[in-house]
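Okay, so here's the structure we're looking at.
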Amino acid sequence: MTDYIARRLLVAVFTLFVITFIVFLFIRLTPGDPIQTMLSSGKISPDLADDMRAYYKLDKPIYVQYGNYLWKLAHGDLGFSFTTRRPVVDSIAQVFPNTLQLTVAAVLVAFSIAIPLGILSSVHRNTPIDHLCRIVSMIGISMPNFWLGLLLLMWFGLRLNLLPMWGMGSLSDGLWDYVSHLILPAVTLGTALAGLLTRLTRSSFLDKISQDYVKTARAKGLKERVVLYKHVLRNAIIPVVSMGGLQFGALLGGSMIVETIFAWPGMGRLAINAIQKRDFPVLQGTTLVFAASLMVTLLLVDIINSFIDPAIRYD
Amino acid sequence: MIKRLKRRLSYALKVLLGNPSMTFGLVVLAIFVTCAIFSPWIAPHDPLKMDLTNSFQPPGSNGHLLGTDNYGRDIFSRLIYGSRVSLLVGLVVISISSTFGSLLGLLSGYYGGVVDMVIMRLVEVIYSFPFLILAVAVMAVLGPSIFNIMLVLSVSTWPLYARLVQPQVMSIREREFVQAARGIGAGSLRIMVIHLLPNCFSSIIVTATMQMATAILSTAALSFLGLGVQPPAPEWGLMLNQGKPFLRRAPFMIMYPGVAIMLLVLSLNLIGDGLRDILDPQLSRMGRI
Amino acid sequence: MSTISSNRMRITISLIVTIILMTTLVAFSAEPKQGGTLTIRGTDLQNIDPMQLLGRNDDVYIADQVFDALTFPSAKPGQELEPAPLLAKSWEKPDDTTWVFHLREGVTFQDGNEVFPEGEAREVVAEDVVYSINRALDMAEGLMLDSVSGAMAIDKYTVEVTTDVPQPFLLHSHHLGGVRIVPREAVEKLGDKMTTHPVGSGPFEIVSFTPGEEAVLKKNEDYWLPVNLDEIRYVVIPDSTSGVLALESGRVDLNVLVPTDEAPRLLEEGFNVKTRAYSYRGIGFNVTQPPFNDWRVREAISMALDVDTAWKAVIPPELGERAYGQVPPIFSMGYDPEGLKPLDEYNLEEAKLLLKEAGWEDSDGDGTLDKDGKPLSFDIKTFGGSQVRILTILVTQLKEIGIDASILQQDISVWADDLIMGNSGVFFDFSYAGLTGLKSMFHGDNIEASNTHYLNDPAVNYLLDRASRTMNFEERSSLWKRAQRIVVEERAIIPMFFEGTPSIANTRVHDWIAPGWGMQIVTPENNVWVE
């Protein structure tokens with residue numbers, strides 16, 4: 001087990017290294033930098049532009065730039081933002097927990113919709129209820145989330161005036177303040193996952209219901225409800241949880257549009273800003289952190305799975 | 001021969017009747033495909049024709065079934081033409097990524113060793129890339145176009161097929177029928193394509209159907225950000241992008257394109273879901289989507 | 001009984017009348033109300049060190065409340081954006097390159113903070129101005145101080161600034177007018193906190209500042225002008241549609257720099273819409289790129305475009321003005337609509353003739369003009385914004401005479417790079433002329449830097465060179481007009497319109513000025529208050 005984790009970590013570090021390289025090349029070999037933008041709209045003079053390029057070492061050969069970058073990276077320094085002059089590490093440290101909270105909330109929303117709906121569906125397999133659940137969950141998967149977000153904002157924020165329209169709440173202003181700010185963005189982000197997990201819960205339940213130990217329990221004359229909750233639920237939920245974990249990473253990186261619509265101060269917004277303004281250091285930093293957190297979740301899911309089900313072996 | 005065909009048809013019919021949601025999906029998809037192929041005959045108006053004095057007409061007025069947009073263009077006609085882009089992008093993306101991904105998965109599973117390691121590391125790198133950031137960055141840098149959308153979506157989704165095919169190939173490459181083929185002197189290429197690949201077809205088809213849905217959603221998302229299809233072309237995501245500022249004045253400008261996207265994606269997902277039940281019971285039990 | 005009830009009635013009636021009267025008074029009188037919170041929506045907040053603002057509007061707006069500069073851009077009709085006295089109560093120019101500023105006496109820095117404990121703030125003096133100018137020269141990005149060669153304190157309240165060359169725009173907000181005065185102690189004591197909790201002498205003090213989320217400011221009780229508002233909350237909502245929804249919900253009072261699309265409806269619904277930062281929008285050509293290196297092609301395209309119809313369909317009249325040249329109306333220097341209007345002509349027949357003369361004909365009958373087997377087909381490169389709507393109309397017009405034009409929306413930095421490197425034949429053209437001046441835009445020396453049209457016209461070069469050597473307003477203005485006329489005649493540019501990005505407020509907000517390159521909440525000219 002320890003060997004396995006060590007090897008996975010090694011692979012993760014290697015993958016991250018490759019990613020830094022790709023991102024670096026991609027960004028530097030393509031046209032456009034923030035200085036150029038300011039220059040062409042007449043905001044700065046050509047002389048100042050040259051000075052700024054020298055200051056940010058944009059005038060050095062690309063391998064020198066990459067070397068510098070790696071050296072600093074190894075020391076935990078992601079550089080300074082071109083546009084805000086803040087250290088990239090600070091910006092990321094400020095917003096990463098926010099994205100994490102939003103993502104966790106979205107996954108919770110997804111679970112709390114998916115598990116009841118999935119169980120309902122499997123218990124009433126191939127009845128109108130099942131088909132209805134299938135359609136509802138599929139609609140969830142099929143809705144463009146940016147579209148859903150705008151409609152939710154218009155209805156619950158403006159028309160009904162029920163929920164906050166922007167930003168994060170804080171626990172110091174009470175639990176409701178915190179939760180109410182989370183609801184719209186978390187629902188928007190979690191809807192598709194809810195649909196996916198509903199389907200998975202259904203098939204996982206169907207699978208477990210037909211297993212021998214369930215049949216034995218039934219044969220022993222246990223009540224249907226007890227069988228369902230005690231024997232089926234526990235086993236059937238494992239693949240659902242592990243899929244939730246796997247999708248967690250994807251949600252982390254998919255929060256760009258949702259964060260923008262709901263003014264959620266998170267990583268997605270930081271990244272999209274950086275792309276628009278060609279803020280290389282921030283773009284590199286966010287991509288790296290996204291990739292790293294994705295790998296960490298994958299690894300965690302693996303480890304948790306191996307604890308829950310010792311039959312899973314890694315070699 | 002005819003008997004067999006008959007039996008198959010009646011089986012298919014039985015399956016469809018037993019799965020109303022898949023039937024629904026097929027009907028909706030058929031409608032969209034018809035719209036895409038026969039757009040010029042179905043659309044009542046020219047999707048590009050502007051009439052600045054007739055902008056923001058509500059649905060149903062002046063012969064505009066779903067109203068007009070801010071340039072006075074007919075929304076219904078634009079939706080009809082828009083189905084072309086979505087279906088085209090979806091089809092091209094799954095063709096490229098499933099072919100490429102399956103082949104790499106095949107190579108990786110068949111040869112194992114260094115080949116496997118290199119391919120699977122590559123898969124992992126692409127897998128851990130935050131997709132939307134990659135897509136937005138590529139579109140921002142290479143410039144927005146349908147071609148670039150297809151490129152980005154293909155590049156970022158092929159690992160899915162490689163991951164799907166690789167373990168399946170690994171598990172059957174030592175089976176008797178493969179050994180037998182090798183025994184009679186079949187080359188590696190032949191074994192891979194004729195004997196191994198067909199065993200993966202059903203899971204590839206299921207994944208591809210659902211990935212087509214995802215590709216259509218992603219195309220719409222990129223166009224929504226202004227990084228996809230360019231105006232004045234009629235495309236659903238772009239229609240959402242152009243309707244967004246008028247959310248309050250003309251909500252129908254974003255309602256209908258959103259519904260169109262949802263219906264098409266829904267139909268593909270329902271079909272994929274149904275196909276999985278039929279083709280690949282094992283996959284469906286594992287709940288992979 | 002009846003007396004009591006009628007008495008009660010009388011009281012009720014008089015109460016109602018009083019309430020109505022009071023409401024009317026509040027609503028219609030210009031009598032400012034003290035206190036209250038103004039909630040403003042912006043798109044981002046990052047770093048408000050006044051020397052690190054780098055053109056980020058929202059940060060500039062916060063910095064404008066915390067700091068005072070020597071001058072501020074006036075909003076008086078007829079003097080739009082002219083520098084007006086703020087910390088400097090007056091100034092004179094002994095010669096073309098020397099400026100002497102006389103500071104207002106008795107202005108103090110904010111107290112009750114880490115730098116100056118309550119009641120221990122000191123006065124703003126000439127040394128502070130010199131220190132701030134030097135700090136700006138050292139590190140300020142986004143300010144164009146290249147021409148400033150030195151600053152020195154003559155006495156406690158007098159500062160002398162010298163420039164290398166005559167610089168008529170010295171006091172505009174991207175030059176010395178943008179240098180906000182910081183106390184040396186703050187920079188030394190605060191270190192990195194300068195970027196989030198700086199101390200200045202402005203009308204509001206920072207209470208909290210969370211990058212990317214929110215800034216809260218409170219009234220500076222010791223400000224040298226009376227301040228009406230108690231508090232300003234500046235919230236970040238990056239998406240413009242979400243921002244407008246927040247405004248409509250009443251949870252936000254003022255929405256700065258909203259895309260133009262939203263404005264007409266909000267105007268109809270009773271919101272107040274104002275604008276100030278007029279900038280130029282047009283179509284530009286790279287005059288060295290085929291087929292646009294042929295003047296006839298550029299002229300034909302300009303004749304085939306019905307710009308009047310197109311821009312009116314998109315920009316409400318309150319927020320824009322038709323452009324005939326490149327210099328916007330806010331800079332009276334070189335603004336020349338009367339002289340340039342006759343050059344604007346919409347004539348499809350003439351356009352077709354010119355194209356035919358240049359060799360472009362529809363020889364294969366496919367509806368698109370061609371020459372030597374190549375169709376007349378090109379992308380107009382632009383970035384996202386209201387211009388895309390206008391270009392959508394213009395492109396449709398061009399298709400009607402057989403030009404296969406389409407729009408290519410680029411990321412703004414790619415767009416800029418393509419322009420500078422000369423990769424774009426025809427592009428959406430926008431600029432703030434007047435800040436860097438026509439010289440940077442059209443002088444041959446600036447090709448591959450800021451002259452995106454690649455125009456290298458000896459006459460234009462000569463006129464612009466002469467203009468940069470004179471301080472005389474009339475002379476410079478007339479030289480600019482002559483140069484601009486040649487640029488338009490050359491059809492290096494097809495001017496479309498000047499657009500002011502609007503700011504929108506609900507009716508609670510009074511005495512406000514549209515933010516442009518700065519935001520004035522409390523100045524000698526206005527003092528914002530809320531109901």
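Chains: A, B, ... in order of the structure tokens. Residues: from 1 per chain. Ligands: from 1, in order shown.
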
Extract, using only C-alpha atoms, all DNA, RNA and protein residues at most 9 Å from Ser242 (chain C), discarding same-chain residues fewer than 3 positions from it, and format them as a tab-separated table (two decimals) with C-alpha atoms, in the first residue's frame.
chain	number	residue	atom	x	y	z
A	150	LEU	CA	-28.62	32.83	-15.22
A	153	LEU	CA	-30.20	34.18	-10.58
A	154	MET	CA	-33.05	35.94	-12.33
A	165	MET	CA	-27.06	37.51	-5.79
A	166	TRP	CA	-23.33	37.68	-5.42
A	260	THR	CA	-18.28	34.43	-12.84
A	261	ILE	CA	-22.08	34.54	-12.90
A	262	PHE	CA	-22.40	34.40	-9.12
A	263	ALA	CA	-19.35	36.55	-8.37
C	237	ILE	CA	-19.61	41.22	-9.57
C	238	PRO	CA	-17.60	40.36	-12.67
C	239	ASP	CA	-20.44	39.30	-14.95
C	245	LEU	CA	-29.70	42.14	-12.13
C	246	ALA	CA	-28.16	43.20	-8.82
C	247	LEU	CA	-28.79	46.85	-9.69

For chain B, report every residue with an atom at most 10 Å from chain C (counting only C-alpha atoms), formatted as a ChimeraX atom specification.
-> /B:48-50,52-53,55,70-71,137,139-145,225-233,242,244-249

Go ahead and dump the residues you just picked, N, CA and C atoms, as a short mmCIF file (atom, residue, chain, number, x, y, z; two decimals), in the first residue's frame.
data_model
loop_
_atom_site.label_atom_id
_atom_site.label_comp_id
_atom_site.auth_asym_id
_atom_site.auth_seq_id
_atom_site.Cartn_x
_atom_site.Cartn_y
_atom_site.Cartn_z
N LEU B 48 -30.02 34.86 -41.41
CA LEU B 48 -29.10 36.00 -41.32
C LEU B 48 -29.80 37.32 -41.64
N LYS B 49 -31.00 37.24 -42.16
CA LYS B 49 -31.68 38.44 -42.63
C LYS B 49 -32.05 39.35 -41.46
N MET B 50 -31.48 40.56 -41.48
CA MET B 50 -31.78 41.49 -40.39
C MET B 50 -32.94 42.39 -40.76
N LEU B 52 -33.90 45.67 -38.75
CA LEU B 52 -33.65 46.43 -37.53
C LEU B 52 -34.90 47.11 -36.98
N THR B 53 -35.92 47.31 -37.84
CA THR B 53 -37.13 47.95 -37.32
C THR B 53 -38.03 46.94 -36.61
N SER B 55 -36.99 44.45 -34.31
CA SER B 55 -36.23 43.68 -33.33
C SER B 55 -37.09 43.41 -32.08
N ASN B 70 -32.29 40.80 -31.32
CA ASN B 70 -32.04 42.24 -31.31
C ASN B 70 -31.77 42.83 -32.69
N TYR B 71 -31.49 41.99 -33.68
CA TYR B 71 -31.34 42.51 -35.04
C TYR B 71 -32.60 42.26 -35.87
N ALA B 137 -8.15 28.72 -23.00
CA ALA B 137 -6.83 29.24 -23.34
C ALA B 137 -6.52 28.98 -24.81
N MET B 139 -8.62 28.52 -27.31
CA MET B 139 -9.46 29.35 -28.17
C MET B 139 -8.99 30.80 -28.13
N ALA B 140 -8.58 31.24 -26.95
CA ALA B 140 -8.12 32.61 -26.82
C ALA B 140 -6.86 32.82 -27.65
N VAL B 141 -6.02 31.81 -27.67
CA VAL B 141 -4.73 31.98 -28.33
C VAL B 141 -4.81 31.68 -29.83
N LEU B 142 -5.39 30.54 -30.18
CA LEU B 142 -5.44 30.17 -31.59
C LEU B 142 -6.53 30.90 -32.35
N GLY B 143 -7.42 31.54 -31.61
CA GLY B 143 -8.52 32.22 -32.27
C GLY B 143 -9.72 31.30 -32.33
N PRO B 144 -10.90 31.88 -32.15
CA PRO B 144 -12.10 31.06 -32.10
C PRO B 144 -12.55 30.63 -33.49
N SER B 145 -12.82 29.35 -33.66
CA SER B 145 -13.40 28.86 -34.90
C SER B 145 -13.93 27.47 -34.65
N LEU B 225 -19.07 31.93 -24.19
CA LEU B 225 -18.00 32.81 -23.73
C LEU B 225 -17.46 33.69 -24.85
N GLY B 226 -18.04 33.57 -26.06
CA GLY B 226 -17.55 34.36 -27.19
C GLY B 226 -16.31 33.75 -27.81
N LEU B 227 -15.98 32.51 -27.42
CA LEU B 227 -14.74 31.89 -27.90
C LEU B 227 -15.03 30.79 -28.90
N GLY B 228 -16.25 30.68 -29.35
CA GLY B 228 -16.57 29.60 -30.26
C GLY B 228 -16.95 30.13 -31.63
N VAL B 229 -18.09 29.68 -32.10
CA VAL B 229 -18.59 30.08 -33.41
C VAL B 229 -18.80 31.59 -33.42
N GLN B 230 -18.46 32.21 -34.55
CA GLN B 230 -18.49 33.67 -34.62
C GLN B 230 -19.76 34.21 -35.26
N PRO B 231 -20.19 35.39 -34.82
CA PRO B 231 -21.35 36.02 -35.44
C PRO B 231 -21.02 36.38 -36.89
N PRO B 232 -21.98 36.43 -37.79
CA PRO B 232 -23.42 36.30 -37.51
C PRO B 232 -23.95 34.87 -37.62
N ALA B 233 -23.07 33.88 -37.65
CA ALA B 233 -23.52 32.50 -37.84
C ALA B 233 -24.57 32.12 -36.80
N GLN B 242 -25.46 36.20 -27.26
CA GLN B 242 -26.01 37.46 -27.76
C GLN B 242 -27.30 37.84 -27.04
N LYS B 244 -27.87 37.18 -23.81
CA LYS B 244 -27.63 37.40 -22.39
C LYS B 244 -27.84 38.85 -21.94
N PRO B 245 -27.30 39.85 -22.68
CA PRO B 245 -27.52 41.22 -22.23
C PRO B 245 -29.01 41.60 -22.23
N PHE B 246 -29.81 40.86 -23.01
CA PHE B 246 -31.22 41.22 -23.10
C PHE B 246 -32.09 40.28 -22.27
N LEU B 247 -31.46 39.66 -21.29
CA LEU B 247 -32.13 38.69 -20.42
C LEU B 247 -33.47 39.22 -19.91
N ARG B 248 -33.50 40.49 -19.55
CA ARG B 248 -34.72 41.04 -18.96
C ARG B 248 -35.66 41.60 -20.01
N ARG B 249 -35.11 42.18 -21.07
CA ARG B 249 -35.97 42.79 -22.07
C ARG B 249 -36.63 41.72 -22.93
#

Once you count only C-alpha atoms, which residues of chain A turn out to be within 8 Å of chain B? Could you give them as number ranges by chain?
-> A: 15-16, 18-19, 30-31, 131, 134-135, 138-139, 141-144, 146-147, 196, 199-200, 203-204, 207, 250, 253-254, 256, 271-272, 275-276, 287, 290-292, 294-295

Extract the full set of helix (DSSP H, G or I) residues from region 32-269 of chain C according to DSSP on the backbone, and format it as an MDAnalysis selection string.
-> chainID C and resid 57:66 126:139 176:178 184:195 240:248 260:268

For the residues in the current selection, export C-alpha atoms as an mmCIF file, in the first residue's frame.
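What follows is the written file again23.cif:
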data_model
loop_
_atom_site.group_PDB
_atom_site.id
_atom_site.type_symbol
_atom_site.label_atom_id
_atom_site.label_comp_id
_atom_site.auth_asym_id
_atom_site.auth_seq_id
_atom_site.Cartn_x
_atom_site.Cartn_y
_atom_site.Cartn_z
ATOM 1 C CA ASN C 57 -10.491 50.934 -13.359
ATOM 2 C CA ASP C 58 -11.999 49.582 -10.151
ATOM 3 C CA ASP C 59 -8.756 49.905 -8.217
ATOM 4 C CA VAL C 60 -8.366 53.425 -9.562
ATOM 5 C CA TYR C 61 -11.852 54.254 -8.294
ATOM 6 C CA ILE C 62 -11.032 53.131 -4.773
ATOM 7 C CA ALA C 63 -7.672 54.892 -4.841
ATOM 8 C CA ASP C 64 -9.468 58.096 -5.866
ATOM 9 C CA GLN C 65 -11.396 58.006 -2.582
ATOM 10 C CA VAL C 66 -8.375 57.289 -0.399
ATOM 11 C CA ALA C 126 5.355 70.064 -0.781
ATOM 12 C CA GLU C 127 7.816 67.340 0.268
ATOM 13 C CA ASP C 128 4.983 64.789 0.085
ATOM 14 C CA VAL C 129 4.207 65.808 -3.463
ATOM 15 C CA VAL C 130 7.858 65.546 -4.460
ATOM 16 C CA TYR C 131 8.145 62.171 -2.718
ATOM 17 C CA SER C 132 5.044 60.870 -4.492
ATOM 18 C CA ILE C 133 6.167 62.070 -7.912
ATOM 19 C CA ASN C 134 9.541 60.412 -7.391
ATOM 20 C CA ARG C 135 7.917 57.194 -6.239
ATOM 21 C CA ALA C 136 5.712 57.307 -9.316
ATOM 22 C CA LEU C 137 8.734 57.919 -11.549
ATOM 23 C CA ASP C 138 10.442 54.940 -9.932
ATOM 24 C CA MET C 139 7.702 52.431 -10.092
ATOM 25 C CA LEU C 176 0.861 63.904 -13.440
ATOM 26 C CA GLY C 177 -2.857 64.254 -12.728
ATOM 27 C CA GLY C 178 -2.815 60.542 -11.919
ATOM 28 C CA ARG C 184 6.385 58.650 3.052
ATOM 29 C CA GLU C 185 5.618 57.175 6.493
ATOM 30 C CA ALA C 186 2.803 55.056 5.033
ATOM 31 C CA VAL C 187 5.024 53.492 2.408
ATOM 32 C CA GLU C 188 7.729 52.787 4.972
ATOM 33 C CA LYS C 189 5.491 51.483 7.755
ATOM 34 C CA LEU C 190 2.885 49.600 5.776
ATOM 35 C CA GLY C 191 5.070 47.647 3.352
ATOM 36 C CA ASP C 192 2.841 45.181 1.539
ATOM 37 C CA LYS C 193 -0.229 46.536 3.283
ATOM 38 C CA MET C 194 0.058 49.561 0.975
ATOM 39 C CA THR C 195 -1.711 47.401 -1.601
ATOM 40 C CA SER C 240 -22.224 42.286 -16.474
ATOM 41 C CA THR C 241 -25.637 40.629 -16.649
ATOM 42 C CA SER C 242 -25.431 39.563 -13.011
ATOM 43 C CA GLY C 243 -24.339 43.105 -12.187
ATOM 44 C CA VAL C 244 -27.388 44.606 -13.875
ATOM 45 C CA LEU C 245 -29.697 42.140 -12.129
ATOM 46 C CA ALA C 246 -28.160 43.202 -8.817
ATOM 47 C CA LEU C 247 -28.790 46.850 -9.689
ATOM 48 C CA GLU C 248 -32.411 46.130 -10.586
ATOM 49 C CA THR C 260 -23.971 49.728 -23.601
ATOM 50 C CA ASP C 261 -26.546 47.055 -24.462
ATOM 51 C CA GLU C 262 -28.077 47.242 -21.036
ATOM 52 C CA ALA C 263 -28.479 51.007 -20.937
ATOM 53 C CA PRO C 264 -31.548 51.801 -23.100
ATOM 54 C CA ARG C 265 -33.914 49.554 -21.166
ATOM 55 C CA LEU C 266 -32.641 50.721 -17.787
ATOM 56 C CA LEU C 267 -33.083 54.324 -18.915
ATOM 57 C CA GLU C 268 -36.694 53.551 -19.781
#

If we count only C-alpha atoms, what is near Tyr56 (chain A) at a cut-off of 12 Å, once residues fewer than 5 positions away on the same chain are taken out, given as a PyMOL selection string?
-> chain A and resi 33-35+49-51+65+68-69+79-83+85+279-281

Those residues with C-alpha atoms, as a tab-separated table (two decimals), in the first residue's frame please?
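Done, and the output landed in again-v5.tsv:
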chain	number	residue	atom	x	y	z
A	33	ASP	CA	1.08	39.84	-23.74
A	34	PRO	CA	-0.49	42.42	-21.46
A	35	ILE	CA	2.15	44.98	-22.32
A	49	ALA	CA	6.77	48.94	-22.76
A	50	ASP	CA	10.44	48.01	-23.26
A	51	ASP	CA	11.23	48.78	-19.64
A	65	GLN	CA	12.59	32.01	-18.59
A	68	ASN	CA	13.91	30.71	-13.78
A	69	TYR	CA	10.35	29.60	-13.44
A	79	GLY	CA	6.00	34.80	-9.18
A	80	PHE	CA	4.05	38.04	-9.31
A	81	SER	CA	0.95	38.75	-11.29
A	82	PHE	CA	1.58	40.99	-14.30
A	83	THR	CA	-1.64	42.86	-13.87
A	85	ARG	CA	1.45	42.96	-8.88
A	279	ASP	CA	-1.34	37.13	-16.98
A	280	PHE	CA	1.18	34.30	-17.47
A	281	PRO	CA	2.25	33.73	-13.86

Please identify which residues in region 85-276 of chain C DSSP calls strand (DSSP E) from the backbone, and express them as number ranges by chain.
-> C: 85, 88-95, 98-103, 148-155, 158-163, 204-210, 214-219, 231-236, 254-255, 272-276

Contact residues around region 209-216 of chain A with only C-alpha atoms at 9 Å, ignoring same-chain residues under 2 positions, as a PyMOL selection string | chain A and resi 204-207+218-221+227-228+231-232+236

Just how far from CA of Ile48 (chain C) is CA of Thr196 (chain C), in Å to one decimal?
->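 Computing it gives 6.0 Å between the two atoms.
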
Might you pull out every residue within 9 Å of region 175-180 of chain A, with only C-alpha atoms counted and same-chain residues fewer than 5 positions away left off, and present them as a list of chain:residue names?
-> A:Leu162, A:Leu163, A:Pro164, A:Met168, A:Gly169, A:Ser170

Applying 10 Å and only C-alpha atoms, which residues near region 453-467 of chain C remain after dropping the ones on its own chain fewer than 3 positions away? List them as a PDB file with C-alpha atoms, in the first residue's frame.
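Saved to part-v6.pdb:
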ATOM      1  CA  GLY C 284      -8.943  50.425 -39.284  1.00  0.00           C
ATOM      2  CA  PHE C 285      -6.849  49.197 -42.165  1.00  0.00           C
ATOM      3  CA  ASN C 286      -3.284  48.129 -42.289  1.00  0.00           C
ATOM      4  CA  VAL C 287      -2.440  50.156 -45.383  1.00  0.00           C
ATOM      5  CA  THR C 288       0.438  47.883 -46.357  1.00  0.00           C
ATOM      6  CA  GLN C 289      -1.582  44.653 -46.467  1.00  0.00           C
ATOM      7  CA  LEU C 419      -2.443  44.692 -34.953  1.00  0.00           C
ATOM      8  CA  ILE C 420       1.008  45.682 -33.832  1.00  0.00           C
ATOM      9  CA  MET C 421       2.744  42.921 -35.750  1.00  0.00           C
ATOM     10  CA  GLY C 422       0.805  43.905 -38.873  1.00  0.00           C
ATOM     11  CA  SER C 424      -4.480  42.208 -39.535  1.00  0.00           C
ATOM     12  CA  GLY C 425      -5.580  43.734 -42.836  1.00  0.00           C
ATOM     13  CA  VAL C 426      -8.771  45.186 -41.457  1.00  0.00           C
ATOM     14  CA  PHE C 427      -9.728  45.435 -37.837  1.00  0.00           C
ATOM     15  CA  ASP C 429     -10.078  50.098 -34.162  1.00  0.00           C
ATOM     16  CA  GLY C 437      -1.777  61.849 -29.036  1.00  0.00           C
ATOM     17  CA  LEU C 438      -2.200  61.253 -32.714  1.00  0.00           C
ATOM     18  CA  LYS C 439       1.553  60.879 -33.037  1.00  0.00           C
ATOM     19  CA  SER C 440       1.713  57.465 -31.453  1.00  0.00           C
ATOM     20  CA  MET C 441      -1.189  56.293 -33.574  1.00  0.00           C
ATOM     21  CA  PHE C 442      -0.207  57.527 -37.022  1.00  0.00           C
ATOM     22  CA  HIS C 443       3.450  58.570 -37.103  1.00  0.00           C
ATOM     23  CA  GLY C 444       5.652  56.365 -39.283  1.00  0.00           C
ATOM     24  CA  ASP C 445       8.225  56.056 -36.492  1.00  0.00           C
ATOM     25  CA  ASN C 446       5.753  54.119 -34.395  1.00  0.00           C
ATOM     26  CA  ILE C 447       5.120  51.264 -36.816  1.00  0.00           C
ATOM     27  CA  GLU C 448       5.413  47.960 -34.956  1.00  0.00           C
ATOM     28  CA  ALA C 449       4.790  49.811 -31.728  1.00  0.00           C
ATOM     29  CA  SER C 450       1.578  51.763 -31.583  1.00  0.00           C
ATOM     30  CA  THR C 470       4.603  73.435 -29.661  1.00  0.00           C
ATOM     31  CA  MET C 471       2.803  74.299 -26.451  1.00  0.00           C
ATOM     32  CA  ASN C 472       0.431  76.699 -28.170  1.00  0.00           C
ATOM     33  CA  PHE C 473      -3.044  75.200 -28.012  1.00  0.00           C
ATOM     34  CA  GLU C 475      -1.354  75.880 -33.216  1.00  0.00           C
ATOM     35  CA  ARG C 476      -1.206  72.289 -32.001  1.00  0.00           C
ATOM     36  CA  SER C 477      -4.913  71.830 -32.524  1.00  0.00           C
ATOM     37  CA  SER C 478      -4.764  73.044 -36.106  1.00  0.00           C
ATOM     38  CA  LEU C 479      -1.743  70.843 -36.882  1.00  0.00           C
ATOM     39  CA  TRP C 480      -3.609  67.848 -35.457  1.00  0.00           C
ATOM     40  CA  LYS C 481      -6.682  68.653 -37.513  1.00  0.00           C
ATOM     41  CA  ARG C 482      -4.623  68.790 -40.694  1.00  0.00           C
ATOM     42  CA  ALA C 483      -2.918  65.486 -39.924  1.00  0.00           C
ATOM     43  CA  GLN C 484      -6.193  63.843 -39.007  1.00  0.00           C
ATOM     44  CA  ARG C 485      -7.786  64.992 -42.250  1.00  0.00           C
ATOM     45  CA  ILE C 486      -5.070  63.287 -44.273  1.00  0.00           C
ATOM     46  CA  VAL C 487      -5.480  60.102 -42.263  1.00  0.00           C
ATOM     47  CA  GLU C 490      -6.249  58.128 -46.934  1.00  0.00           C
ATOM     48  CA  ALA C 492      -6.534  54.388 -43.070  1.00  0.00           C
ATOM     49  CA  ILE C 493      -9.480  54.625 -40.736  1.00  0.00           C
TER      50      ILE C 493
END

Long-range neighbours of region 182-191 of chain B as number ranges by chain, 12 Å cut-off, only C-alpha atoms, 6 positions minimum in chain = B: 103, 106-107, 110-111, 169, 172-176, 197-199

From the set A:Ala110, A:Val289, A:Val88, A:Ile119, which residue has the shortest atom-to-atom contact distance to chain C, counting only C-alpha atoms?
-> A:Val88

Residue with smallest distance to Ala36 (chain B) - pool B:Met170, B:Arg78, B:Ile205, B:Ala162, counting only C-alpha atoms = B:Arg78

Nearest residue to chain A from the set C:Asp155, C:Glu525, C:Glu221, C:Asp417 (distances using only C-alpha atoms) =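 Counting only C-alpha atoms, the residue closest to chain A is C:Asp417.
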